[in-house]
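Peer 1: This is the structure I want to talk about, given as structure tokens.
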Amino acid sequence: MYSDKQQKTLAGLGKTLLANDHLKSTSKSEASEVIDQLIQVLNYHDWRYYVLSEPIIEDTDYDYLFDALKLLQETYPSLMRPDSPTQRVARGLSEDFESVEHTVPMLSLAKAYNDQDLIDWDASIKKLMQEEQIVYACEPKFDGASLALVYENDLLVRAATRGNGIVGDDITNNIKTLPSVPLRAAFSKYGIYKTELRGEVVIHKERFKQMNERRAAAGEKLYSNARNTASGALRQKDSSKVAEKQIEAFLYQVGVTYDEAGNDRTRDLKSHGASIQLLYDLGFKTSLKSHDDQSNICQNIEEVIAYCNKWRETRDDYDYEIDGIVIKVDDVELQDMVGYTAHHPRWAIALKFDARQATTILEQIDYQVGRTGAITPVAKLKTVNLAGANISNASLHNEEFIKEKDIHIGDTVILQRAGDVIPYIVEAVKRKRDGSETPVVFPTHCPSCESPLEKPEEEAVWRCSNRLECPAQVEEQLIHFVSKGAMDIRGLGRDIVKRFYQEGRIQRIPDIYKLNYGGIKLLEGWGERSVAKLKDSIEASKDQPLYRLLVGLGIREVGTGTAKRLVEAVDSVEELQNWTEEQLIELPDIGPKVAASIVSFFQDERSIKLLEELKELGLNMKKREQDMPQVKSTVLAGKTFLFTGSLQQFTRNDAKRMVEEMGGKLLSGVSSKLHYLVVGEKAGSKLTKAQKIETITILNEDEFLKLVAEAK
Ligand code: AMP
Ligand code: ZN
């Protein structure tokens, strides 16, 4: 075993080996040694990356190590080892999974729903055991799909799904592709020859979100939730597709265990806590944060309740979905004495957190027209309380979503809210239908202007084609123009724009700058002062930096980032009007689709007229020195930031803007690439993770604001 420090030095080994032609002509004995070394190094980095989420080498160095190993193994196929990371390859298609019987049935868990249930359960165990006090081991109840792993002779030999609890599917080939599951684990060091472990397969919340974002962008069907996606991935017929789902396994139990002579040594591990610690030490992903993390051990039921409350508060901050806490009698001997019912162990209980699901009726569907004409069906629901919030709307995304879930109007639907995700419809409950429900007929014409809807073959979204005259689109475009991310005209919010539009005061963007203030003064709710303020902010907006105007114009595919890129390259709108697609593509971050959209916008007669009018009205159309991002000069240029917990002094969007203005970058997870972690209230696992990486500076909100102020 190498120390962490040695591992760091060995990180460059792959590159050195590959740079050296001699690698191909190594003798077999030398190759064997190097292979051993490479396997150790690669497995170590897999562990750092997939189990601890704290990589310490560059991805390219990892790739060099991997390639060097592959090359050696190709030269000497007989030196292949079953625990080599190169073995984590897909084994092709499986027609059907073989059934395998679990050594010990995989049972369900008894449930508790509140503190009193826990107190009662504790009392029953104390009474049964005639004990004054029981020690418990707690851990999150991971909301994924269960998994049983068998290790024999230190090697992973079998992986199975829970199935019906007695018999599951053999999914060994699929599991071997998961880097969070060690192919070899040194059980023999503890006198264990064969053992069956239990765990749960889950997907990191953020990665799940990204996966869906990618699918949405590609017009593909969205995954409805992480749990179903994880369990689907386990039973994926093509094992090369498993890894792309990015599932990981958390282990939470050491089951039956035998020594070399076949004696049952299950009871050698004296406590549940000790067995989880063993799993941690062997390189498995567990709920422990470090080898001596004792936070999961509770001396009595009061401590258990406190533990549960803490998790209830921080669960949204945790990187994985959990639906409760599992509480287990810690002492293994005691577990045996407390025993089992036919369905579940008596020595364990799952405290379920408040349902994040609720059932309600879908009363109607509204079709909303967005700024770019996209039609979004929105379910109007009978108001229902879901995890503390009253919900009466849920997006149905697009026509495909409705078809896929076979949603009818009048259906009983299951709503779900997970983490910070907005509520969505999981399914329509078909058995609750009484015949009065009606299938959804997606409109063929725009609900606002009645123009026919259109949809390119490869897209999922229907759009109203009447871009410039559709009232709903125009209204949204106006709202967009004045919004915070664009011209930022304070005092001209969404509702006021709508009102002014409906009253005919603002029909097109230039009208904003020609408002009849005298008339507004007479309107209900307006007065001398509010009108003066509105006028001031409208006038002031004429002086906004050029990129804000570009954003405000609502050119398709052009958001803040692209607008800034454009302004870096040109000096004025006029100049931009003459750019060709070929020239645009040369710019960083601008692809053919974006370039085409920009050119088509600027060539359109109506855009040309609009820009002329705005210029006439005195809007800034040029790049000015003071608007150029002073990015490069700040000491924080290139530094990476991550925000966690609930922020009190600014929103996530503000934070993002501040970071970008300083030339910094946002990261989505804690790794050695992170420079600053900014923590709000109730920060959770990200903080704990960051505390273990020396190079990360942890800031509270005040410290962050101070840093920003100083950097300017
Ligand atoms: P249930 O199916 O709701 O009765 O709960 C039992 C299931 O919870 C098990 O089959 C596991 O898949 C899952 N589970 C998730 N986390 C844990 C944990 N920490 N300990 C035990 N079971 C867990
Ligand atoms: Zn329309």
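Labels used: A, B, ... for chains in the order of the structure tokens, numbers from 1 for residues in each chain, and numbers from 1 for ligands as shown.
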To test your reading of the structure, identify every residue in range 468-643 of chain A that backbone DSSP assigns to strand (DSSP E or B), and report it as a VMD selection string.
Peer 2: chain A and resid 572 622 640 to 643
Peer 1: Skip Cys449 in chain A itself and residues of its chain fewer than 2 positions away, then list as JSON, numbers by chain all residues within 9 Å of it, counting only C-alpha atoms.
Peer 2: {"A": [445, 446, 447, 451, 452, 464, 466, 469, 470, 471, 472]}
Peer 1: Write the selection just made, keeping all heavy atoms, as a PDB file, in the first residue's frame?
Peer 2:
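Done, and the output landed in part_23.pdb:
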ATOM      1  N   HIS A 445     -53.359  25.081 -32.864  1.00  0.00           N
ATOM      2  CA  HIS A 445     -53.204  26.513 -33.099  1.00  0.00           C
ATOM      3  C   HIS A 445     -52.874  27.243 -31.811  1.00  0.00           C
ATOM      4  O   HIS A 445     -53.233  26.795 -30.728  1.00  0.00           O
ATOM      5  CB  HIS A 445     -54.480  27.080 -33.723  1.00  0.00           C
ATOM      6  CG  HIS A 445     -54.674  26.618 -35.133  1.00  0.00           C
ATOM      7  ND1 HIS A 445     -55.083  25.337 -35.439  1.00  0.00           N
ATOM      8  CD2 HIS A 445     -54.459  27.239 -36.315  1.00  0.00           C
ATOM      9  CE1 HIS A 445     -55.137  25.187 -36.747  1.00  0.00           C
ATOM     10  NE2 HIS A 445     -54.747  26.335 -37.309  1.00  0.00           N
ATOM     11  N   CYS A 446     -52.207  28.364 -31.948  1.00  0.00           N
ATOM     12  CA  CYS A 446     -51.758  29.126 -30.787  1.00  0.00           C
ATOM     13  C   CYS A 446     -52.946  29.653 -29.974  1.00  0.00           C
ATOM     14  O   CYS A 446     -53.847  30.265 -30.550  1.00  0.00           O
ATOM     15  CB  CYS A 446     -50.901  30.295 -31.258  1.00  0.00           C
ATOM     16  SG  CYS A 446     -50.460  31.427 -29.939  1.00  0.00           S
ATOM     17  N   PRO A 447     -52.956  29.422 -28.665  1.00  0.00           N
ATOM     18  CA  PRO A 447     -54.076  29.896 -27.864  1.00  0.00           C
ATOM     19  C   PRO A 447     -54.144  31.430 -27.815  1.00  0.00           C
ATOM     20  O   PRO A 447     -55.181  31.987 -27.481  1.00  0.00           O
ATOM     21  CB  PRO A 447     -53.787  29.330 -26.475  1.00  0.00           C
ATOM     22  CG  PRO A 447     -52.349  28.958 -26.474  1.00  0.00           C
ATOM     23  CD  PRO A 447     -51.968  28.683 -27.891  1.00  0.00           C
ATOM     24  N   SER A 451     -52.469  31.324 -34.720  1.00  0.00           N
ATOM     25  CA  SER A 451     -51.645  30.875 -35.844  1.00  0.00           C
ATOM     26  C   SER A 451     -51.375  29.385 -35.671  1.00  0.00           C
ATOM     27  O   SER A 451     -51.358  28.880 -34.558  1.00  0.00           O
ATOM     28  CB  SER A 451     -50.295  31.588 -35.837  1.00  0.00           C
ATOM     29  OG  SER A 451     -50.484  32.958 -35.836  1.00  0.00           O
ATOM     30  N   PRO A 452     -51.149  28.687 -36.789  1.00  0.00           N
ATOM     31  CA  PRO A 452     -50.853  27.254 -36.653  1.00  0.00           C
ATOM     32  C   PRO A 452     -49.537  27.022 -35.895  1.00  0.00           C
ATOM     33  O   PRO A 452     -48.595  27.803 -36.027  1.00  0.00           O
ATOM     34  CB  PRO A 452     -50.735  26.779 -38.102  1.00  0.00           C
ATOM     35  CG  PRO A 452     -50.755  27.986 -38.954  1.00  0.00           C
ATOM     36  CD  PRO A 452     -51.202  29.149 -38.163  1.00  0.00           C
ATOM     37  N   CYS A 464     -45.513  28.582 -31.685  1.00  0.00           N
ATOM     38  CA  CYS A 464     -46.367  29.457 -32.483  1.00  0.00           C
ATOM     39  C   CYS A 464     -45.441  30.143 -33.481  1.00  0.00           C
ATOM     40  O   CYS A 464     -44.398  30.670 -33.119  1.00  0.00           O
ATOM     41  CB  CYS A 464     -47.050  30.474 -31.592  1.00  0.00           C
ATOM     42  SG  CYS A 464     -47.698  31.870 -32.512  1.00  0.00           S
ATOM     43  N   ASN A 466     -45.947  32.734 -35.313  1.00  0.00           N
ATOM     44  CA  ASN A 466     -46.197  34.157 -35.531  1.00  0.00           C
ATOM     45  C   ASN A 466     -45.356  35.019 -34.595  1.00  0.00           C
ATOM     46  O   ASN A 466     -45.863  35.754 -33.754  1.00  0.00           O
ATOM     47  CB  ASN A 466     -47.699  34.392 -35.294  1.00  0.00           C
ATOM     48  CG  ASN A 466     -48.120  35.804 -35.582  1.00  0.00           C
ATOM     49  OD1 ASN A 466     -47.370  36.565 -36.197  1.00  0.00           O
ATOM     50  ND2 ASN A 466     -49.301  36.156 -35.125  1.00  0.00           N
ATOM     51  N   GLU A 469     -46.054  39.014 -34.130  1.00  0.00           N
ATOM     52  CA  GLU A 469     -47.358  39.600 -33.849  1.00  0.00           C
ATOM     53  C   GLU A 469     -48.207  38.823 -32.855  1.00  0.00           C
ATOM     54  O   GLU A 469     -49.283  39.271 -32.490  1.00  0.00           O
ATOM     55  CB  GLU A 469     -48.135  39.798 -35.149  1.00  0.00           C
ATOM     56  CG  GLU A 469     -47.764  41.109 -35.831  1.00  0.00           C
ATOM     57  CD  GLU A 469     -47.710  40.955 -37.335  1.00  0.00           C
ATOM     58  OE1 GLU A 469     -48.743  40.590 -37.912  1.00  0.00           O
ATOM     59  OE2 GLU A 469     -46.626  41.172 -37.918  1.00  0.00           O
ATOM     60  N   CYS A 470     -47.706  37.674 -32.424  1.00  0.00           N
ATOM     61  CA  CYS A 470     -48.488  36.904 -31.461  1.00  0.00           C
ATOM     62  C   CYS A 470     -48.515  37.678 -30.134  1.00  0.00           C
ATOM     63  O   CYS A 470     -47.470  37.913 -29.534  1.00  0.00           O
ATOM     64  CB  CYS A 470     -47.846  35.541 -31.269  1.00  0.00           C
ATOM     65  SG  CYS A 470     -48.553  34.593 -29.936  1.00  0.00           S
ATOM     66  N   PRO A 471     -49.697  38.093 -29.660  1.00  0.00           N
ATOM     67  CA  PRO A 471     -49.745  38.918 -28.453  1.00  0.00           C
ATOM     68  C   PRO A 471     -49.012  38.276 -27.262  1.00  0.00           C
ATOM     69  O   PRO A 471     -48.284  38.961 -26.540  1.00  0.00           O
ATOM     70  CB  PRO A 471     -51.234  39.044 -28.164  1.00  0.00           C
ATOM     71  CG  PRO A 471     -51.919  38.751 -29.442  1.00  0.00           C
ATOM     72  CD  PRO A 471     -51.013  37.846 -30.218  1.00  0.00           C
ATOM     73  N   ALA A 472     -49.190  36.980 -27.078  1.00  0.00           N
ATOM     74  CA  ALA A 472     -48.554  36.335 -25.932  1.00  0.00           C
ATOM     75  C   ALA A 472     -47.035  36.419 -26.038  1.00  0.00           C
ATOM     76  O   ALA A 472     -46.334  36.684 -25.064  1.00  0.00           O
ATOM     77  CB  ALA A 472     -48.993  34.878 -25.836  1.00  0.00           C
TER      78      ALA A 472
END
Peer 1: Please determine, counting only C-alpha atoms and all ligand atoms, which residue among A:Asn296, A:Gln73, A:Thr266, A:Ser108 has the shortest atom-to-atom distance to ligand 1.
Peer 2: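 When distances to ligand 1 are compared using only C-alpha atoms and all ligand atoms, the smallest one comes from A:Ser108.
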Peer 1: Would you list the contacts of range 486-500 of chain A as a ChimeraX atom specification, taking every protein, DNA or RNA residue within 6 Å and counting only C-alpha atoms, but skipping same-chain residues closer than 5 positions in sequence?
Peer 2: /A:479,481,505-506,534,537-538,548,551-552
Peer 1: Just write the chosen residues, N, CA and C atoms, as an mmCIF file, in the first residue's frame.
Peer 2:
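Saved result, result03.cif, follows:
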data_model
loop_
_atom_site.group_PDB
_atom_site.id
_atom_site.type_symbol
_atom_site.label_atom_id
_atom_site.label_comp_id
_atom_site.auth_asym_id
_atom_site.auth_seq_id
_atom_site.Cartn_x
_atom_site.Cartn_y
_atom_site.Cartn_z
ATOM 1 N N ILE A 479 -41.593 41.804 -21.517
ATOM 2 C CA ILE A 479 -41.226 41.495 -20.132
ATOM 3 C C ILE A 479 -39.746 41.134 -20.060
ATOM 4 N N PHE A 481 -37.403 42.110 -22.125
ATOM 5 C CA PHE A 481 -36.576 43.292 -22.403
ATOM 6 C C PHE A 481 -36.285 44.103 -21.131
ATOM 7 N N ARG A 505 -50.632 50.860 -24.075
ATOM 8 C CA ARG A 505 -49.620 51.893 -23.838
ATOM 9 C C ARG A 505 -48.256 51.470 -24.393
ATOM 10 N N ILE A 506 -47.990 50.180 -24.283
ATOM 11 C CA ILE A 506 -46.731 49.663 -24.837
ATOM 12 C C ILE A 506 -47.088 48.524 -25.785
ATOM 13 N N LEU A 534 -40.497 55.841 -12.160
ATOM 14 C CA LEU A 534 -40.548 54.988 -13.348
ATOM 15 C C LEU A 534 -39.825 55.671 -14.508
ATOM 16 N N SER A 537 -36.067 55.505 -14.113
ATOM 17 C CA SER A 537 -35.373 54.251 -14.404
ATOM 18 C C SER A 537 -35.459 53.900 -15.885
ATOM 19 N N ILE A 538 -36.524 54.306 -16.539
ATOM 20 C CA ILE A 538 -36.594 54.058 -17.991
ATOM 21 C C ILE A 538 -35.517 54.893 -18.710
ATOM 22 N N ARG A 548 -26.382 44.197 -22.572
ATOM 23 C CA ARG A 548 -27.736 44.115 -22.006
ATOM 24 C C ARG A 548 -28.795 44.378 -23.081
ATOM 25 N N VAL A 551 -29.071 41.214 -25.101
ATOM 26 C CA VAL A 551 -29.866 40.208 -24.404
ATOM 27 C C VAL A 551 -31.342 40.568 -24.538
ATOM 28 N N GLY A 552 -31.639 41.844 -24.309
ATOM 29 C CA GLY A 552 -33.025 42.302 -24.304
ATOM 30 C C GLY A 552 -33.733 42.107 -25.632
#
Peer 1: Would you mind listing the residues within 6 Å of ligand 1, counting only C-alpha atoms and all ligand atoms, as a list of chain:residue names?
Peer 2: A:Ser108, A:Leu109, A:Glu139, A:Pro140, A:Lys141, A:Phe142, A:Asp143, A:Ala145, A:Ser146, A:Glu200, A:Tyr252, A:Val326
Peer 1: Report, in Å with one decimal, the straight-line distance from CA of Gly199 in chain A to CA of Arg227 in chain A.
Peer 2: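 According to the coordinates, CA of Gly199 in chain A and CA of Arg227 in chain A are separated by 13.8 Å.
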Peer 1: What does the distance from CA of Leu677 in chain A to CA of Glu703 in chain A come to in Å, to one decimal?
Peer 2: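 It comes out at 10.9 Å.
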